[in-house]
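Printed here is upload35.cif (mmCIF, C-alpha atoms):
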```cif
data_upload
loop_
_atom_site.label_atom_id
_atom_site.label_comp_id
_atom_site.auth_asym_id
_atom_site.auth_seq_id
_atom_site.Cartn_x
_atom_site.Cartn_y
_atom_site.Cartn_z
CA MET T 1 103.01 178.01 67.45
CA VAL T 2 103.52 174.97 69.67
CA ALA T 3 106.68 173.99 67.78
CA THR T 4 108.07 177.55 67.96
CA ALA T 5 107.44 177.78 71.68
CA ALA T 6 109.11 174.43 72.26
CA THR T 7 112.16 175.44 70.20
CA SER T 8 112.61 178.67 72.10
CA VAL T 9 113.06 176.71 75.31
CA PHE T 10 116.17 174.91 74.02
CA PHE T 11 117.70 177.61 71.78
CA GLN T 12 118.08 181.22 73.03
CA VAL T 13 117.64 183.49 70.01
CA ALA T 14 118.25 187.21 70.41
CA SER T 15 116.22 189.63 68.36
CA LEU T 16 118.06 191.93 65.99
CA PRO T 17 117.23 195.62 65.75
CA LEU T 18 116.81 196.48 62.09
CA GLU T 19 117.52 199.79 60.44
CA SER T 20 114.63 201.28 58.60
CA GLY T 21 115.32 201.17 54.92
CA LYS T 22 113.41 201.32 51.73
CA LEU T 23 111.85 197.93 52.36
CA GLY T 24 110.71 198.70 55.89
CA GLY T 25 113.12 197.23 58.40
CA VAL T 26 115.46 195.41 56.00
CA PRO T 27 119.04 196.67 56.53
CA THR T 28 120.48 198.08 53.31
CA ASN T 29 124.07 197.41 54.31
CA ALA T 30 123.68 193.76 55.32
CA ASP T 31 125.80 191.21 53.55
CA THR T 32 124.19 187.92 52.72
CA LEU T 33 127.43 186.04 53.10
CA GLY T 34 127.74 186.38 56.89
CA ILE T 35 126.96 188.40 59.99
CA LYS T 36 129.33 188.77 62.90
CA SER T 37 127.97 189.91 66.23
CA LYS T 38 129.32 190.57 69.67
CA SER T 39 127.71 191.94 72.75
CA SER T 40 128.80 195.18 74.35
CA GLY T 41 128.90 196.14 77.92
CA THR T 42 125.57 197.84 77.66
CA GLY T 43 123.88 194.64 76.64
CA ARG T 44 123.02 195.88 73.13
CA LEU T 45 123.76 193.71 70.19
CA LYS T 46 126.22 195.21 67.70
CA VAL T 47 126.28 193.95 64.17
CA LYS T 48 129.35 194.23 61.98
CA ALA T 49 128.85 193.30 58.37
CA ASN T 50 131.68 192.18 56.11
CA ALA T 51 131.90 194.65 53.26
CA GLN T 52 132.06 193.33 49.77
CA ALA T 53 131.95 194.87 46.39
CA PRO T 54 128.81 194.37 44.43
CA SER T 55 128.94 191.46 42.01
CA LYS T 56 129.01 191.93 38.26
CA VAL T 57 126.70 189.99 36.01
CA LYS T 58 127.40 190.57 32.30
CA GLY T 59 129.00 193.87 33.04
CA ASN T 60 126.20 195.21 35.23
CA ARG T 61 126.46 195.78 38.93
CA VAL T 62 123.93 193.80 40.89
CA GLY T 63 123.43 195.10 44.42
CA VAL T 64 122.07 193.35 47.42
CA MET T 65 118.86 195.37 47.28
CA GLU T 66 118.10 194.23 43.77
CA GLY T 67 118.47 190.64 44.90
CA LEU T 68 116.12 191.24 47.79
CA LYS T 69 113.52 192.71 45.48
CA ASN T 70 113.22 189.36 43.68
CA ASP T 71 112.82 187.29 46.87
CA ASP T 72 109.00 187.54 46.71
CA ASP T 73 108.94 185.94 43.30
CA ALA T 74 111.05 182.96 44.28
CA PRO T 75 109.23 179.95 45.86
CA ALA T 76 109.71 179.67 49.61
CA SER T 77 111.88 176.75 50.61
CA PRO T 78 110.44 174.39 53.25
CA PRO T 79 111.89 174.62 56.74
CA PRO T 80 114.54 172.08 57.64
CA ARG T 81 113.26 168.79 59.04
CA THR T 82 114.03 168.69 62.73
CA PHE T 83 112.76 166.69 65.65
CA ILE T 84 110.80 169.64 67.00
CA ASN T 85 108.78 170.58 63.93
CA GLN T 86 107.82 166.96 63.22
CA LEU T 87 105.95 166.54 66.50
CA PRO T 88 102.08 166.36 66.14
CA ASP T 89 100.03 169.46 66.87
CA TRP T 90 98.53 168.37 70.19
CA SER T 91 96.41 171.54 70.39
CA MET T 92 94.06 170.18 67.69
CA LEU T 93 93.53 166.96 69.62
CA LEU T 94 92.90 168.82 72.86
CA ALA T 95 90.40 171.11 71.12
CA ALA T 96 88.49 168.12 69.72
CA ILE T 97 88.33 166.41 73.14
CA THR T 98 87.14 169.64 74.77
CA THR T 99 84.38 170.04 72.14
CA ILE T 100 83.12 166.49 72.77
CA PHE T 101 82.97 167.00 76.54
CA LEU T 102 81.15 170.33 76.18
CA ALA T 103 78.57 168.78 73.84
CA ALA T 104 77.97 165.89 76.25
CA GLU T 105 77.57 168.27 79.17
CA LYS T 106 75.04 170.34 77.22
CA GLN T 107 72.93 167.27 76.38
CA TRP T 108 72.95 166.18 80.01
CA MET T 109 71.84 169.62 81.17
CA MET T 110 68.98 169.59 78.64
CA LEU T 111 67.71 166.26 79.99
CA ASP T 112 67.98 167.11 83.67
CA TRP T 113 67.98 170.87 84.02
CA LYS T 114 64.88 171.14 86.18
CA PRO T 115 64.65 170.09 89.82
CA ARG T 116 62.43 167.18 90.70
CA ARG T 117 58.88 168.23 91.53
CA PRO T 118 56.04 166.10 92.90
CA ASP T 119 53.86 166.79 89.85
CA MET T 120 56.43 165.54 87.33
CA LEU T 121 55.86 162.28 85.50
CA VAL T 122 57.54 159.16 86.78
CA ASP T 123 57.92 158.13 83.15
CA PRO T 124 59.25 161.33 81.51
CA PHE T 125 59.55 159.80 78.05
CA GLY T 126 56.04 158.27 78.05
CA LEU T 127 57.26 154.79 77.15
CA GLY T 128 55.15 152.97 79.74
CA LYS T 129 55.91 149.89 81.79
CA ILE T 130 54.45 146.51 82.72
CA VAL T 131 53.35 146.27 86.36
CA GLN T 132 51.45 143.92 88.67
CA ASP T 133 53.38 140.74 87.89
CA GLY T 134 53.45 141.47 84.17
CA LEU T 135 49.66 141.53 83.74
CA VAL T 136 48.94 145.27 83.55
CA PHE T 137 50.54 147.83 81.29
CA SER T 138 50.70 151.43 82.56
CA GLN T 139 51.58 154.55 80.60
CA ASN T 140 51.46 158.27 81.39
CA PHE T 141 50.24 161.00 79.05
CA SER T 142 50.31 164.77 79.22
CA ILE T 143 47.32 166.45 77.63
CA ARG T 144 48.63 168.60 74.77
CA SER T 145 47.16 171.79 73.39
CA TYR T 146 46.17 170.06 70.13
CA GLU T 147 44.21 167.40 72.04
CA ILE T 148 41.62 169.70 73.62
CA GLY T 149 38.40 171.28 72.42
CA ALA T 150 36.84 174.71 72.76
CA ASP T 151 36.21 174.12 76.48
CA ARG T 152 39.92 173.34 77.14
CA ASN T 153 39.06 169.73 77.97
CA ALA T 154 40.48 166.70 76.23
CA SER T 155 38.16 165.35 73.56
CA ILE T 156 36.72 161.85 73.53
CA GLU T 157 38.88 161.15 70.46
CA THR T 158 41.96 161.98 72.56
CA MET T 159 40.94 159.42 75.17
CA MET T 160 40.33 156.81 72.49
CA ASN T 161 43.74 157.50 70.96
CA HIS T 162 45.32 156.92 74.37
CA PHE T 163 43.49 153.60 74.56
CA GLN T 164 44.85 152.52 71.21
CA GLU T 165 48.38 153.67 71.99
CA THR T 166 48.58 151.81 75.29
CA ALA T 167 47.16 148.65 73.71
CA LEU T 168 49.88 148.61 71.05
CA ASN T 169 52.62 149.48 73.54
CA HIS T 170 51.40 146.70 75.81
CA VAL T 171 51.92 144.16 73.04
CA LYS T 172 55.30 145.66 72.23
CA SER T 173 56.52 145.70 75.84
CA ALA T 174 55.50 142.06 76.23
CA GLY T 175 57.69 141.13 73.27
CA LEU T 176 54.73 139.97 71.17
CA LEU T 177 54.69 142.65 68.48
CA GLY T 178 55.14 141.22 64.99
CA ASP T 179 55.15 143.07 61.70
CA GLY T 180 51.48 144.00 61.82
CA PHE T 181 49.45 146.63 63.68
CA GLY T 182 49.47 144.94 67.09
CA SER T 183 49.64 141.46 65.56
CA THR T 184 51.72 138.77 67.23
CA PRO T 185 54.33 136.74 65.31
CA GLU T 186 51.94 133.79 64.91
CA MET T 187 49.21 136.12 63.66
CA CYS T 188 51.60 137.52 61.05
CA LYS T 189 52.37 134.00 59.84
CA LYS T 190 48.65 133.35 59.35
CA ASN T 191 47.95 136.80 57.87
CA LEU T 192 45.60 137.79 60.72
CA ILE T 193 44.87 141.20 62.21
CA TRP T 194 42.87 142.45 65.21
CA VAL T 195 39.56 144.28 64.66
CA VAL T 196 37.33 145.73 67.37
CA THR T 197 33.69 144.64 67.46
CA LYS T 198 32.44 146.48 70.55
CA MET T 199 33.51 149.41 72.71
CA ASN T 200 31.91 150.55 75.98
CA VAL T 201 33.18 153.79 77.53
CA LEU T 202 32.17 155.73 80.66
CA VAL T 203 33.63 159.18 81.38
CA ASP T 204 33.50 160.72 84.83
CA ARG T 205 35.63 163.77 84.07
CA TYR T 206 37.68 164.91 81.11
CA PRO T 207 41.27 165.98 81.80
CA MET T 208 42.21 169.51 80.89
CA TRP T 209 45.11 170.99 78.99
CA GLY T 210 48.33 170.36 80.91
CA ASP T 211 46.89 167.58 83.09
CA MET T 212 48.77 164.32 83.40
CA VAL T 213 46.89 161.04 83.23
CA GLN T 214 47.86 157.46 83.88
CA VAL T 215 46.31 154.84 81.60
CA ASP T 216 46.30 151.20 82.75
CA THR T 217 45.25 148.38 80.43
CA TRP T 218 45.01 144.59 80.54
CA ILE T 219 43.44 141.77 78.56
CA ALA T 220 41.13 138.84 79.25
CA ALA T 221 39.41 136.11 77.29
CA SER T 222 36.05 136.86 75.65
CA GLY T 223 34.26 133.70 74.58
CA LYS T 224 36.03 131.09 72.48
CA ASN T 225 37.48 133.33 69.76
CA GLY T 226 37.54 136.80 71.22
CA LEU T 227 39.71 138.96 73.43
CA ARG T 228 38.58 141.62 75.88
CA ARG T 229 40.73 144.64 76.64
CA ASP T 230 39.96 147.03 79.49
CA TRP T 231 41.32 150.48 80.31
CA LEU T 232 41.33 152.58 83.43
CA VAL T 233 42.34 156.27 83.27
CA ARG T 234 43.39 158.06 86.45
CA ASP T 235 44.49 161.55 87.27
CA TRP T 236 48.21 161.04 87.77
CA GLN T 237 48.47 163.55 90.61
CA THR T 238 45.36 162.71 92.65
CA GLY T 239 44.70 159.10 91.64
CA ASP T 240 41.03 159.86 90.88
CA ILE T 241 39.44 157.68 88.21
CA LEU T 242 38.51 159.72 85.15
CA THR T 243 37.48 157.16 82.53
CA ARG T 244 36.96 153.43 82.22
CA ALA T 245 36.44 151.43 79.07
CA SER T 246 36.01 147.86 77.94
CA SER T 247 36.27 146.45 74.41
CA VAL T 248 35.97 143.16 72.52
CA TRP T 249 38.33 142.20 69.68
CA VAL T 250 38.34 139.39 67.15
CA MET T 251 40.65 138.34 64.34
CA MET T 252 40.16 139.01 60.66
CA ASN T 253 42.01 137.57 57.70
CA LYS T 254 43.89 140.39 56.02
CA GLU T 255 43.36 139.01 52.52
CA THR T 256 39.79 137.67 52.60
CA ARG T 257 38.58 140.36 55.09
CA ARG T 258 36.58 137.66 56.92
CA ILE T 259 36.42 136.98 60.67
CA SER T 260 38.70 134.11 61.74
CA LYS T 261 38.79 131.76 64.70
CA LEU T 262 41.46 132.18 67.35
CA PRO T 263 44.27 129.74 66.41
CA PRO T 264 45.75 127.65 69.23
CA GLU T 265 49.21 129.04 68.42
CA VAL T 266 48.02 132.59 69.02
CA ARG T 267 46.21 131.61 72.21
CA GLY T 268 49.46 130.09 73.41
CA GLU T 269 51.22 133.42 72.84
CA ILE T 270 48.75 135.63 74.68
CA GLY T 271 47.03 133.25 77.12
CA SER T 272 49.52 133.83 79.92
CA TYR T 273 48.65 137.55 79.95
CA PHE T 274 44.91 137.05 80.56
CA VAL T 275 43.54 138.60 83.76
CA ASP T 276 40.68 136.89 85.58
CA LEU T 277 38.57 139.98 86.29
CA PRO T 278 35.11 141.14 85.19
CA PRO T 279 34.83 144.06 82.75
CA VAL T 280 35.36 147.50 84.28
CA VAL T 281 32.13 148.65 82.61
CA ASP T 282 28.93 146.71 83.27
CA GLU T 283 27.34 145.22 80.18
CA ASP T 284 24.22 147.00 78.96
CA GLY T 285 21.79 144.27 77.99
CA ARG T 286 19.62 146.52 75.84
CA LYS T 287 19.85 146.10 72.12
CA LEU T 288 20.66 149.06 69.96
CA SER T 289 17.50 150.20 68.23
CA LYS T 290 17.18 150.24 64.46
CA LEU T 291 17.66 153.61 62.81
CA ASP T 292 16.85 154.83 59.30
CA GLU T 293 15.70 157.96 57.48
CA SER T 294 12.18 157.70 58.87
CA THR T 295 13.25 157.54 62.53
CA ALA T 296 16.34 159.76 62.49
CA ASP T 297 16.11 163.37 63.68
CA TYR T 298 19.30 164.48 61.97
CA ILE T 299 21.12 163.13 58.91
CA CYS T 300 24.51 164.12 57.56
CA THR T 301 25.51 162.74 54.16
CA GLY T 302 28.55 162.77 51.92
CA LEU T 303 31.16 161.86 54.54
CA THR T 304 34.28 160.48 52.84
CA PRO T 305 37.48 159.11 54.38
CA ARG T 306 40.59 161.21 54.05
CA TRP T 307 43.96 159.61 53.51
CA ASN T 308 44.95 160.35 57.12
CA ASP T 309 41.82 158.54 58.38
CA LEU T 310 43.25 155.17 57.30
CA ASP T 311 45.49 153.04 59.48
CA VAL T 312 48.10 150.49 58.44
CA ASN T 313 45.37 147.87 57.90
CA GLN T 314 44.07 150.01 55.01
CA HIS T 315 40.69 150.82 56.55
CA VAL T 316 39.32 153.74 58.53
CA ASN T 317 40.61 153.69 62.10
CA ASN T 318 37.90 153.01 64.69
CA VAL T 319 38.59 156.32 66.48
CA LYS T 320 37.60 158.29 63.35
CA TYR T 321 34.04 156.95 63.54
CA ILE T 322 33.35 158.98 66.67
CA GLY T 323 33.86 162.25 64.84
CA TRP T 324 31.51 161.10 62.07
CA ILE T 325 28.87 160.14 64.62
CA LEU T 326 28.97 163.61 66.15
CA GLU T 327 28.70 165.27 62.74
CA SER T 328 24.93 164.72 62.77
CA ALA T 329 24.40 165.95 66.34
CA PRO T 330 22.92 169.49 66.63
CA LEU T 331 25.37 172.23 67.58
CA PRO T 332 23.29 173.73 70.48
CA PHE T 333 23.21 170.28 72.05
CA LEU T 334 27.01 169.88 71.78
CA GLU T 335 27.54 173.32 73.31
CA SER T 336 25.43 172.62 76.41
CA HIS T 337 26.15 168.90 76.97
CA GLU T 338 29.16 166.64 77.16
CA LEU T 339 29.51 162.96 76.36
CA SER T 340 29.41 160.84 79.51
CA GLY T 341 29.19 157.36 78.00
CA MET T 342 28.89 155.46 74.74
CA ILE T 343 28.46 151.99 73.35
CA LEU T 344 29.79 151.31 69.86
CA GLU T 345 29.06 148.17 67.85
CA TYR T 346 31.24 147.83 64.76
CA ARG T 347 29.52 145.94 61.96
CA ARG T 348 31.88 146.28 59.00
CA GLU T 349 34.98 148.15 57.97
CA CYS T 350 35.02 151.35 55.96
CA ARG T 351 37.49 151.54 53.08
CA ARG T 352 39.10 154.46 51.34
CA ASP T 353 36.56 154.86 48.51
CA ASN T 354 33.40 154.55 50.61
CA VAL T 355 30.87 157.36 51.14
CA VAL T 356 29.23 157.43 54.57
CA GLN T 357 25.98 158.77 56.06
CA SER T 358 25.58 159.72 59.74
CA LEU T 359 22.13 159.44 61.36
CA THR T 360 21.20 160.60 64.88
CA THR T 361 18.02 160.55 66.94
CA LEU T 362 17.62 162.17 70.36
CA SER T 363 15.39 160.79 73.10
CA GLY T 364 12.54 163.24 73.67
CA GLY T 365 12.02 164.03 70.00
CA GLY T 366 13.87 167.29 69.44
CA ALA T 367 16.90 169.33 70.35
CA GLY T 368 14.95 172.29 71.76
CA GLY T 369 13.52 170.46 74.75
CA LEU T 370 16.62 168.33 75.28
CA VAL T 371 18.85 171.25 76.15
CA ASP T 372 16.70 171.94 79.22
CA SER T 373 16.01 168.33 80.19
CA GLY T 374 19.43 167.44 81.67
CA TYR T 375 20.63 163.92 80.90
CA VAL T 376 20.04 162.77 77.33
CA GLU T 377 20.43 159.53 75.42
CA CYS T 378 21.01 159.35 71.65
CA GLN T 379 20.98 156.65 69.01
CA HIS T 380 23.41 156.78 66.09
CA LEU T 381 24.11 154.95 62.87
CA LEU T 382 26.94 155.18 60.39
CA ARG T 383 26.19 153.45 57.13
CA LEU T 384 27.41 153.31 53.57
CA GLU T 385 25.40 155.17 50.98
CA GLY T 386 24.55 151.76 49.57
CA GLY T 387 22.86 150.82 52.85
CA GLY T 388 25.44 148.65 54.67
CA GLU T 389 25.79 149.38 58.40
CA ILE T 390 29.26 150.35 59.62
CA VAL T 391 28.70 151.34 63.27
CA LYS T 392 25.67 151.42 65.54
CA ALA T 393 25.98 153.46 68.71
CA ARG T 394 24.21 154.67 71.82
CA THR T 395 25.57 157.74 73.58
CA LYS T 396 24.76 159.30 76.95
CA TRP T 397 25.07 163.01 77.59
CA ARG T 398 24.96 165.21 80.68
CA PRO T 399 24.91 168.96 81.17
CA LYS T 400 28.43 170.31 81.28
CA HIS T 401 30.06 170.46 84.73
CA ALA T 402 27.73 167.78 86.13
CA ASN T 403 30.18 164.91 86.82
CA THR T 404 29.06 161.85 88.76
CA PHE T 405 30.21 158.27 88.77
CA GLY T 406 28.62 155.07 89.96
CA SER T 407 30.24 152.15 91.70
CA LEU T 408 33.38 150.91 90.03
CA GLY T 409 33.17 147.42 91.36
CA GLN T 410 36.27 145.21 91.29
CA LEU T 411 39.22 146.98 89.68
CA PRO T 412 42.97 146.35 89.71
CA VAL T 413 44.72 148.28 92.40
CA GLU T 414 46.53 151.45 91.39
CA SER T 415 49.93 150.73 89.96
CA ALA T 416 52.93 152.19 91.68
#
```
Starting from the file, give its structure as structure tokens.
Amino acid sequence: MVATAATSVFFQVASLPLESGKLGGVPTNADTLGIKSKSSGTGRLKVKANAQAPSKVKGNRVGVMEGLKNDDDAPASPPPRTFINQLPDWSMLLAAITTIFLAAEKQWMMLDWKPRRPDMLVDPFGLGKIVQDGLVFSQNFSIRSYEIGADRNASIETMMNHFQETALNHVKSAGLLGDGFGSTPEMCKKNLIWVVTKMNVLVDRYPMWGDMVQVDTWIAASGKNGLRRDWLVRDWQTGDILTRASSVWVMMNKETRRISKLPPEVRGEIGSYFVDLPPVVDEDGRKLSKLDESTADYICTGLTPRWNDLDVNQHVNNVKYIGWILESAPLPFLESHELSGMILEYRRECRRDNVVQSLTTLSGGGAGGLVDSGYVECQHLLRLEGGGEIVKARTKWRPKHANTFGSLGQLPVESA
């Protein structure tokens, strides 16, 4: 089409009126040897054909119409090669460029189609950032529908998952993430991994579905061979503190599964990120009481790890233990109370083929009186069926919708 249009500019071609014949518009008296034309005063084009006798082939007369009837069977000859019809078809190139620009415009509109609102996240992709001179990592989360419970509040497992995610992203953003699950390059060389030994969590208020929270985390030294990691969870819109947590981590050899000392090379990697601050949760000096069948009020047996309960270190992830602990708590108690604090002491890892028992005892000696008594404290134990302790825990509960918080003490200022 482009070539035809271009040709018509340089060569004026007049259209010929055709007489209707047997072949629909093909003149029956036209001679294939030549056509002479001249214009009349009226502007119409007159055609005068040179008359010729029909040719004879082997004694038979062959007319022009018979020759035309065989034109469909003959192969069409290619058009003559001219300068015009050898030019590239620029319409295809223009169509491709237009398609690319339209696709790019659509992607841009999908990313930025809404106007800026004050309740929108500063970090829309949830990647997090390092703030406060590189010592604190901050990341925003939106509470999803699959992260809430029957009361529309985020579960304690959701909060713990946020803790774990920010810890790993902190290591990654600092450029210290090796091939392992939060392990530094020097730890990978020595076949070491991080394992948590203690977790202390206090919850003032649980975020609800659709709320946006800001999770800040930092690390500090804990003794000679340990590392302490703290978290502070704020309501992103109001800045109110929702949850605070403190944990202690040590290193374990991935092959021998034994606790290892902190190598000087690893301390050199992470030492510059240590913050000189006390834990955000005060240490509870009380020891966790011993619990067995004779002292437990509720026992749940036959708990087995699912494949999705394992992490990349080939043991049950520490967050999964919380669900097992609550398996042995009575349902009326869970319906009327919410978890306000917990202390977890991890004693050993749980592997894929282990079978676990969950034991719980409630202060006051029974669930019936506890529902009416307000604040409650529970003791928990997760152990292997063979008797080895996995996790010992103490949990604190309050009646639902009774949220109070004590003094927070010295905390890092809110990140911008």
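The spacing separating atom CA of T:Lys290 from atom CA of T:Arg306 amounts to 27.9 Å.
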Starting from the displayed file, determine the output of the PyMOL selection byres ((chain T and resi 196) around 12) and express the residue list as a PDB file with C-alpha atoms, in the coordinates of the input.
```
ATOM      1  CA  GLN T 164      44.850 152.520  71.210  1.00  0.00           C
ATOM      2  CA  ILE T 193      44.870 141.200  62.210  1.00  0.00           C
ATOM      3  CA  TRP T 194      42.870 142.450  65.210  1.00  0.00           C
ATOM      4  CA  VAL T 195      39.560 144.280  64.660  1.00  0.00           C
ATOM      5  CA  THR T 197      33.690 144.640  67.460  1.00  0.00           C
ATOM      6  CA  LYS T 198      32.440 146.480  70.550  1.00  0.00           C
ATOM      7  CA  MET T 199      33.510 149.410  72.710  1.00  0.00           C
ATOM      8  CA  ASN T 200      31.910 150.550  75.980  1.00  0.00           C
ATOM      9  CA  GLY T 226      37.540 136.800  71.220  1.00  0.00           C
ATOM     10  CA  LEU T 227      39.710 138.960  73.430  1.00  0.00           C
ATOM     11  CA  ARG T 228      38.580 141.620  75.880  1.00  0.00           C
ATOM     12  CA  ARG T 229      40.730 144.640  76.640  1.00  0.00           C
ATOM     13  CA  SER T 246      36.010 147.860  77.940  1.00  0.00           C
ATOM     14  CA  SER T 247      36.270 146.450  74.410  1.00  0.00           C
ATOM     15  CA  VAL T 248      35.970 143.160  72.520  1.00  0.00           C
ATOM     16  CA  TRP T 249      38.330 142.200  69.680  1.00  0.00           C
ATOM     17  CA  VAL T 250      38.340 139.390  67.150  1.00  0.00           C
ATOM     18  CA  MET T 251      40.650 138.340  64.340  1.00  0.00           C
ATOM     19  CA  MET T 252      40.160 139.010  60.660  1.00  0.00           C
ATOM     20  CA  ILE T 259      36.420 136.980  60.670  1.00  0.00           C
ATOM     21  CA  ASN T 317      40.610 153.690  62.100  1.00  0.00           C
ATOM     22  CA  ASN T 318      37.900 153.010  64.690  1.00  0.00           C
ATOM     23  CA  VAL T 319      38.590 156.320  66.480  1.00  0.00           C
ATOM     24  CA  LEU T 344      29.790 151.310  69.860  1.00  0.00           C
ATOM     25  CA  GLU T 345      29.060 148.170  67.850  1.00  0.00           C
ATOM     26  CA  TYR T 346      31.240 147.830  64.760  1.00  0.00           C
ATOM     27  CA  ARG T 347      29.520 145.940  61.960  1.00  0.00           C
ATOM     28  CA  ARG T 348      31.880 146.280  59.000  1.00  0.00           C
ATOM     29  CA  GLU T 349      34.980 148.150  57.970  1.00  0.00           C
ATOM     30  CA  VAL T 391      28.700 151.340  63.270  1.00  0.00           C
TER      31      VAL T 391
END
```
Notebook entry, point to check: Which is closer to T:Asp133 than all the others in T:Val316, T:Asp204, T:Tyr273, T:Glu265, using only C-alpha atoms?
Noted result: T:Tyr273
Next item on the list: Just the residues within 6 Å of T:Leu242, please, counting all atoms listed in the file, with nothing from its chain fewer than 3 positions along; format it as a ChimeraX atom specification.
Entry: /T:204-205,233-234
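Residues in contact with T:Glu385 at up to 8 Å, not including ones fewer than 2 positions away on its chain and judged by all atoms listed in the file, are Val355, Val356, Gln357, Arg383, Gly387 and Gly388 of chain T.
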Notebook entry, point to check: To one decimal place, how far is atom CA of T:Arg152 from atom CA of T:Leu362 in Å?
Noted result: 25.8 Å
Notebook entry, point to check: Leaving out T:Ser155 and any residue of its chain fewer than 4 positions from it, which residues lie within 12 Å of it when counting all atoms listed in the file, given as a PyMOL selection string?
Noted result: chain T and resi 143-151+159-162+203+205-209+319+322-323+326+338-340
Checklist line | Residue among T:Gly268, T:Ile325, T:His380, T:Ile343 lying closest to T:Asp297, counting all atoms listed in the file | finding: T:His380
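For the structure in this document, the set picked by the PyMOL selection byres ((chain T and resi 135) around 8) is Ile130, Val131, Gln132, Asp133, Gly134, Val136, Phe137, Trp218, Tyr273, Phe274 and Val275 of chain T.
The coordinates place atom CA of T:Leu277 at 7.6 Å from atom CA of T:Ala220.
Among T:Ala329, T:Ile97, T:Leu232, T:Cys350, the residue with the shortest atom-to-atom distance to T:Glu377, counting all atoms listed in the file, is T:Ala329.
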Note to self: If we count all atoms listed in the file and set the cut-off at 6 Å, which residues sit around stretch 261-264 of chain T, ignoring sequence neighbours fewer than 2 positions away in its own chain? Please answer as a PyMOL selection string.
What the structure shows: chain T and resi 225+266-267
Margin query: Using only C-alpha atoms for the distances, tell me which of T:Met342, T:Val281, T:Thr166, T:Ala96 is nearest to T:Arg244.
Written below: T:Val281
Note to self: Using the chain letters and numbers from this file, what does the PyMOL selection byres ((chain T and resi 305) around 10) select? Give the answer as a VMD selection string.
What the structure shows: chain T and resid 302 to 304 306 to 310 315 to 317 320 324 350 to 356
Any chance you can output those residues with C-alpha atoms as a compact mmCIF listing (two decimals), in the frame of the given file?
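The new file result.txt reads:
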```txt
# COMPACT_ATOMS: atom_id res chain seq x y z
CA GLY T 302 28.55 162.77 51.92
CA LEU T 303 31.16 161.86 54.54
CA THR T 304 34.28 160.48 52.84
CA ARG T 306 40.59 161.21 54.05
CA TRP T 307 43.96 159.61 53.51
CA ASN T 308 44.95 160.35 57.12
CA ASP T 309 41.82 158.54 58.38
CA LEU T 310 43.25 155.17 57.30
CA HIS T 315 40.69 150.82 56.55
CA VAL T 316 39.32 153.74 58.53
CA ASN T 317 40.61 153.69 62.10
CA LYS T 320 37.60 158.29 63.35
CA TRP T 324 31.51 161.10 62.07
CA CYS T 350 35.02 151.35 55.96
CA ARG T 351 37.49 151.54 53.08
CA ARG T 352 39.10 154.46 51.34
CA ASP T 353 36.56 154.86 48.51
CA ASN T 354 33.40 154.55 50.61
CA VAL T 355 30.87 157.36 51.14
CA VAL T 356 29.23 157.43 54.57
```
Note to self: From the options T:Val312, T:Ala221, T:Ala296, T:Met92, which residue's atoms come nearest to T:Leu382, counting only C-alpha atoms?
What the structure shows: T:Ala296
